[in-house]
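Data from coords-v7.pdb: PDB, C-alpha atoms, pLDDT in the B column
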ATOM      1  CA  MET A 226     -52.181  41.404   6.774  1.00 60.00           C
ATOM      2  CA  ILE A 227     -49.244  43.669   7.576  1.00 70.00           C
ATOM      3  CA  ASN A 228     -45.974  41.769   7.674  1.00 79.00           C
ATOM      4  CA  ASP A 229     -43.871  42.752  10.685  1.00 85.00           C
ATOM      5  CA  PRO A 230     -40.304  41.690   9.850  1.00 84.00           C
ATOM      6  CA  LEU A 231     -39.217  42.285  13.436  1.00 85.00           C
ATOM      7  CA  SER A 232     -42.002  40.394  15.194  1.00 86.00           C
ATOM      8  CA  ASP A 233     -39.509  37.805  16.453  1.00 86.00           C
ATOM      9  CA  ILE A 234     -36.537  40.159  16.899  1.00 82.00           C
ATOM     10  CA  HIS A 235     -35.949  39.143  20.528  1.00 82.00           C
ATOM     11  CA  GLN A 236     -35.074  35.618  19.387  1.00 86.00           C
ATOM     12  CA  TYR A 237     -31.939  36.991  17.726  1.00 86.00           C
ATOM     13  CA  SER A 238     -28.676  38.359  19.035  1.00 87.00           C
ATOM     14  CA  PRO A 239     -28.873  41.961  20.259  1.00 91.00           C
ATOM     15  CA  THR A 240     -26.044  42.916  17.883  1.00 92.00           C
ATOM     16  CA  PHE A 241     -25.193  42.107  14.276  1.00 93.00           C
ATOM     17  CA  THR A 242     -22.228  42.500  11.979  1.00 94.00           C
ATOM     18  CA  ILE A 243     -23.108  44.098   8.645  1.00 94.00           C
ATOM     19  CA  THR A 244     -23.076  40.653   6.999  1.00 94.00           C
ATOM     20  CA  GLN A 245     -25.454  39.270   9.633  1.00 94.00           C
ATOM     21  CA  LEU A 246     -27.639  42.351   9.306  1.00 92.00           C
ATOM     22  CA  ILE A 247     -27.952  41.901   5.545  1.00 94.00           C
ATOM     23  CA  LYS A 248     -28.682  38.171   5.915  1.00 93.00           C
ATOM     24  CA  PHE A 249     -31.394  38.994   8.470  1.00 91.00           C
ATOM     25  CA  CYS A 250     -32.905  41.555   6.087  1.00 91.00           C
ATOM     26  CA  GLU A 251     -32.831  39.060   3.200  1.00 92.00           C
ATOM     27  CA  LYS A 252     -34.534  36.447   5.369  1.00 91.00           C
ATOM     28  CA  LYS A 253     -37.246  38.959   6.304  1.00 89.00           C
ATOM     29  CA  ALA A 254     -37.689  40.230   2.713  1.00 88.00           C
ATOM     30  CA  LEU A 255     -36.431  43.712   3.568  1.00 90.00           C
ATOM     31  CA  PRO A 256     -34.868  45.302   0.483  1.00 89.00           C
ATOM     32  CA  VAL A 257     -31.571  46.350   2.084  1.00 93.00           C
ATOM     33  CA  THR A 258     -28.065  46.180   0.663  1.00 94.00           C
ATOM     34  CA  ARG A 259     -24.647  46.982   2.100  1.00 94.00           C
ATOM     35  CA  ALA A 260     -24.486  50.085  -0.120  1.00 96.00           C
ATOM     36  CA  MET A 261     -27.891  51.278   1.084  1.00 95.00           C
ATOM     37  CA  ILE A 262     -26.849  50.936   4.722  1.00 95.00           C
ATOM     38  CA  GLN A 263     -23.611  52.811   4.057  1.00 95.00           C
ATOM     39  CA  ASN A 264     -25.515  55.560   2.211  1.00 94.00           C
ATOM     40  CA  TYR A 265     -28.074  55.874   5.039  1.00 94.00           C
ATOM     41  CA  ILE A 266     -25.213  56.283   7.513  1.00 94.00           C
ATOM     42  CA  ARG A 267     -23.383  58.786   5.293  1.00 94.00           C
ATOM     43  CA  ASP A 268     -26.597  60.795   4.791  1.00 91.00           C
ATOM     44  CA  GLY A 269     -27.378  60.803   8.535  1.00 90.00           C
ATOM     45  CA  LEU A 270     -30.527  58.731   8.179  1.00 91.00           C
ATOM     46  CA  LEU A 271     -29.080  55.851  10.199  1.00 93.00           C
ATOM     47  CA  PRO A 272     -26.557  56.089  13.029  1.00 94.00           C
ATOM     48  CA  PRO A 273     -23.197  54.398  12.439  1.00 95.00           C
ATOM     49  CA  PRO A 274     -22.551  50.989  13.971  1.00 95.00           C
ATOM     50  CA  ILE A 275     -21.066  50.816  17.447  1.00 93.00           C
ATOM     51  CA  LYS A 276     -17.668  49.126  17.246  1.00 94.00           C
ATOM     52  CA  ARG A 277     -18.744  47.669  13.872  1.00 93.00           C
ATOM     53  CA  LEU A 278     -21.902  46.181  15.375  1.00 95.00           C
ATOM     54  CA  TYR A 279     -25.493  47.067  14.542  1.00 95.00           C
ATOM     55  CA  THR A 280     -28.238  46.808  17.152  1.00 93.00           C
ATOM     56  CA  GLN A 281     -31.879  45.783  17.047  1.00 92.00           C
ATOM     57  CA  LYS A 282     -32.633  49.511  17.001  1.00 93.00           C
ATOM     58  CA  HIS A 283     -30.666  49.779  13.733  1.00 94.00           C
ATOM     59  CA  LEU A 284     -32.898  46.994  12.392  1.00 93.00           C
ATOM     60  CA  ALA A 285     -36.029  48.850  13.518  1.00 92.00           C
ATOM     61  CA  ALA A 286     -34.814  51.970  11.713  1.00 93.00           C
ATOM     62  CA  LEU A 287     -34.035  50.009   8.544  1.00 93.00           C
ATOM     63  CA  ALA A 288     -37.429  48.288   8.570  1.00 91.00           C
ATOM     64  CA  MET A 289     -39.223  51.586   9.040  1.00 91.00           C
ATOM     65  CA  ILE A 290     -37.141  53.277   6.330  1.00 93.00           C
ATOM     66  CA  CYS A 291     -37.979  50.446   3.904  1.00 90.00           C
ATOM     67  CA  ARG A 292     -41.701  50.840   4.628  1.00 88.00           C
ATOM     68  CA  LEU A 293     -41.736  54.620   4.457  1.00 89.00           C
ATOM     69  CA  LYS A 294     -39.740  54.696   1.199  1.00 90.00           C
ATOM     70  CA  THR A 295     -42.893  53.522  -0.574  1.00 85.00           C
ATOM     71  CA  VAL A 296     -44.453  56.946   0.035  1.00 86.00           C
ATOM     72  CA  TRP A 297     -41.731  59.425   1.030  1.00 89.00           C
ATOM     73  CA  ASP A 298     -38.356  60.516  -0.234  1.00 91.00           C
ATOM     74  CA  ILE A 299     -35.233  60.098   1.915  1.00 91.00           C
ATOM     75  CA  PRO A 300     -35.086  63.719   3.211  1.00 92.00           C
ATOM     76  CA  THR A 301     -38.700  63.482   4.416  1.00 92.00           C
ATOM     77  CA  ILE A 302     -38.007  60.167   6.159  1.00 92.00           C
ATOM     78  CA  LYS A 303     -34.904  61.638   7.772  1.00 92.00           C
ATOM     79  CA  ASP A 304     -36.854  64.660   9.062  1.00 90.00           C
ATOM     80  CA  ALA A 305     -39.594  62.431  10.476  1.00 89.00           C
ATOM     81  CA  LEU A 306     -37.342  59.852  12.134  1.00 90.00           C
ATOM     82  CA  ALA A 307     -34.448  62.047  13.342  1.00 89.00           C
ATOM     83  CA  PRO A 308     -36.148  63.102  16.601  1.00 89.00           C
ATOM     84  CA  HIS A 309     -36.693  59.424  17.461  1.00 90.00           C
ATOM     85  CA  MET A 310     -33.156  58.176  16.802  1.00 90.00           C
ATOM     86  CA  ASP A 311     -30.351  57.703  19.263  1.00 90.00           C
ATOM     87  CA  ASP A 312     -26.822  56.334  18.845  1.00 89.00           C
ATOM     88  CA  GLU A 313     -28.187  52.813  18.324  1.00 88.00           C
ATOM     89  CA  GLY A 314     -31.068  53.537  15.970  1.00 89.00           C
ATOM     90  CA  LEU A 315     -34.811  53.905  16.281  1.00 86.00           C
ATOM     91  CA  CYS A 316     -36.709  53.482  19.538  1.00 85.00           C
ATOM     92  CA  LEU A 317     -38.250  49.995  19.455  1.00 86.00           C
ATOM     93  CA  ASP A 318     -41.418  51.302  21.106  1.00 88.00           C
ATOM     94  CA  LEU A 319     -41.922  53.739  18.231  1.00 88.00           C
ATOM     95  CA  TYR A 320     -41.430  50.929  15.740  1.00 88.00           C
ATOM     96  CA  LYS A 321     -44.025  48.808  17.582  1.00 88.00           C
ATOM     97  CA  TRP A 322     -46.408  51.763  17.690  1.00 87.00           C
ATOM     98  CA  PHE A 323     -45.969  52.320  13.943  1.00 86.00           C
ATOM     99  CA  MET A 324     -46.684  48.668  13.148  1.00 86.00           C
ATOM    100  CA  GLU A 325     -49.775  48.642  15.398  1.00 86.00           C
ATOM    101  CA  ARG A 326     -51.155  51.793  13.710  1.00 83.00           C
ATOM    102  CA  GLN A 327     -50.622  50.168  10.319  1.00 81.00           C
ATOM    103  CA  LYS A 328     -52.459  47.021  11.434  1.00 83.00           C
ATOM    104  CA  GLU A 329     -55.360  48.969  12.931  1.00 82.00           C
ATOM    105  CA  THR A 330     -55.717  51.175   9.879  1.00 79.00           C
ATOM    106  CA  LEU A 331     -55.442  48.228   7.501  1.00 78.00           C
ATOM    107  CA  ASN A 332     -58.169  46.387   9.420  1.00 79.00           C
ATOM    108  CA  LEU A 333     -60.425  49.432   9.120  1.00 76.00           C
ATOM    109  CA  TRP A 334     -59.535  49.759   5.445  1.00 71.00           C
ATOM    110  CA  VAL A 335     -60.271  46.082   4.751  1.00 74.00           C
ATOM    111  CA  SER A 336     -63.614  46.186   6.533  1.00 76.00           C
ATOM    112  CA  LYS A 337     -64.832  49.496   5.096  1.00 70.00           C
ATOM    113  CA  VAL A 338     -63.072  50.264   1.803  1.00 66.00           C
ATOM    114  CA  ALA A 339     -61.694  47.036   0.362  1.00 62.00           C
ATOM    115  CA  PRO A 340     -65.098  45.510  -0.344  1.00 65.00           C
ATOM    116  CA  ALA A 341     -65.819  48.466  -2.603  1.00 60.00           C
ATOM    117  CA  ILE A 342     -62.639  48.140  -4.661  1.00 61.00           C
ATOM    118  CA  SER A 343     -60.744  45.236  -6.118  1.00 58.00           C
ATOM    119  CA  THR A 344     -56.988  45.431  -5.701  1.00 57.00           C
ATOM    120  CA  LYS A 345     -54.318  43.064  -4.530  1.00 63.00           C
ATOM    121  CA  GLU A 346     -53.537  43.039  -0.800  1.00 64.00           C
ATOM    122  CA  GLU A 347     -50.068  44.569  -1.185  1.00 64.00           C
ATOM    123  CA  ASP A 348     -51.477  47.346  -3.403  1.00 66.00           C
ATOM    124  CA  ARG A 349     -54.047  48.131  -0.716  1.00 64.00           C
ATOM    125  CA  GLN A 350     -51.298  48.405   1.906  1.00 68.00           C
ATOM    126  CA  ASP A 351     -49.376  50.886  -0.230  1.00 69.00           C
ATOM    127  CA  LEU A 352     -52.539  52.893  -0.982  1.00 69.00           C
ATOM    128  CA  LEU A 353     -53.334  52.964   2.697  1.00 69.00           C
ATOM    129  CA  LEU A 354     -49.873  54.119   3.670  1.00 70.00           C
ATOM    130  CA  MET A 355     -49.985  56.826   0.994  1.00 68.00           C
ATOM    131  CA  ALA A 356     -53.369  57.994   2.223  1.00 67.00           C
ATOM    132  CA  HIS A 357     -52.066  58.349   5.746  1.00 69.00           C
ATOM    133  CA  ALA A 358     -48.533  59.562   4.994  1.00 69.00           C
ATOM    134  CA  THR A 359     -49.231  63.097   6.228  1.00 67.00           C
ATOM    135  CA  ASP A 360     -50.888  61.843   9.413  1.00 68.00           C
ATOM    136  CA  ILE A 361     -47.960  59.524  10.100  1.00 70.00           C
ATOM    137  CA  LYS A 362     -45.459  62.346   9.507  1.00 70.00           C
ATOM    138  CA  ASN A 363     -47.341  64.635  11.895  1.00 69.00           C
ATOM    139  CA  LEU A 364     -47.550  61.942  14.571  1.00 67.00           C
ATOM    140  CA  LEU A 365     -43.834  61.168  14.275  1.00 71.00           C
ATOM    141  CA  LYS A 366     -42.962  64.843  14.641  1.00 67.00           C
ATOM    142  CA  GLY A 367     -45.261  65.233  17.655  1.00 61.00           C
TER     143      GLY A 367
END

Could you render the structure from this file as structure tokens?
Amino acid sequence: MINDPLSDIHQYSPTFTITQLIKFCEKKALPVTRAMIQNYIRDGLLPPPIKRLYTQKHLAALAMICRLKTVWDIPTIKDALAPHMDDEGLCLDLYKWFMERQKETLNLWVSKVAPAISTKEEDRQDLLLMAHATDIKNLLKG
């Protein structure tokens, strides 16, 4: 099953300090550090905080970056996500769409391909994402 770290995002405050953001990411098993966030902002992959506060859209961008880093390099992720970013981060609808596509594709994979191979669940998710990386990039650009 695909783990959606933001499935309960609306139960949290709409804004976070960087410390709160990192604690949230730790709680949700997102591999994010203060240095990574600062580098993403410096490199233009993530918009800067607004008055030192990060939004739920920043979280959506971070979660998507973490997932896509398993198959793409940072410049490719930046190119794919840039058209979908605003001053607060990534459109939450795009994040939801991305997670739904992953779930649908994983369900198809599990029902059709997984019985024929024996790998751990998390390895299958990474293989699946790699197999569809080009399709995802094209859909994000379109």

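The protein and nucleic acid residues lying at most 10 Å from Lys303 of chain A are Tyr265, Asp268, Gly269, Leu270, Leu271, Ile290, Trp297, Asp298, Pro308 and Met310 of chain A, with all atoms listed in the file considered and sequence neighbours fewer than 5 positions away removed.
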
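You can rank A:Leu246, A:Ile227, A:Leu255, A:Ile275 by their closest distance to Glu325 of chain A using only C-alpha atoms, and at the top of that list sits A:Ile227.
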
In Å and to one decimal, atom CA of Ser232 of chain A is distant from atom CA of Lys252 of chain A by 13.0 Å

Expressed in Å, the length from atom CA of Trp322 of chain A to atom CA of Ile299 of chain A is 21.1 Å

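Distance annotation: of A:Cys316, A:Val257, A:Ala307, A:Leu333, the residue with the minimal separation from Leu287 of chain A is A:Val257; atom set is only C-alpha atoms.
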
The distance between atom CA of Ile361 of chain A and atom CA of Thr295 of chain A is 13.3 Å

- Item | Ground truth for the PyMOL selection byres ((chain A and resi 234) around 12), written as a VMD selection string | chain A and resid 229 to 233 235 to 241 246 249 to 250 253 280 to 285 288 317 320 to 321

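For the set A:Val296, A:Met324, A:Ile243, A:Ala286, the residue with the smallest atom-to-atom gap to Asp311 of chain A is A:Ala286, counting all atoms listed in the file.
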
From the list A:Glu313, A:Leu354, A:Lys248, A:Glu329, the nearest residue to Lys294 of chain A using all atoms listed in the file is A:Leu354

Could you give me the centre and size, in Å to one decimal, of an axis-aligned box around all listed atoms of segment 233-241 of chain A with 5 Å added on every side, as AutoDock Vina command-line options?
--center_x -32.4 --center_y 39.3 --center_z 17.4 --size_x 24.3 --size_y 17.3 --size_z 16.3

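Each of A:Lys362, A:Lys337, A:Arg292, A:His309 was checked against Pro272 of chain A using all atoms listed in the file; the smallest atom-to-atom distance is that of A:His309.
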
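Of the listed residues (A:Ile302, A:Ala260, A:Val335, A:Ile266), A:Ile266 comes nearest to Gly314 of chain A; the distances count all atoms listed in the file.
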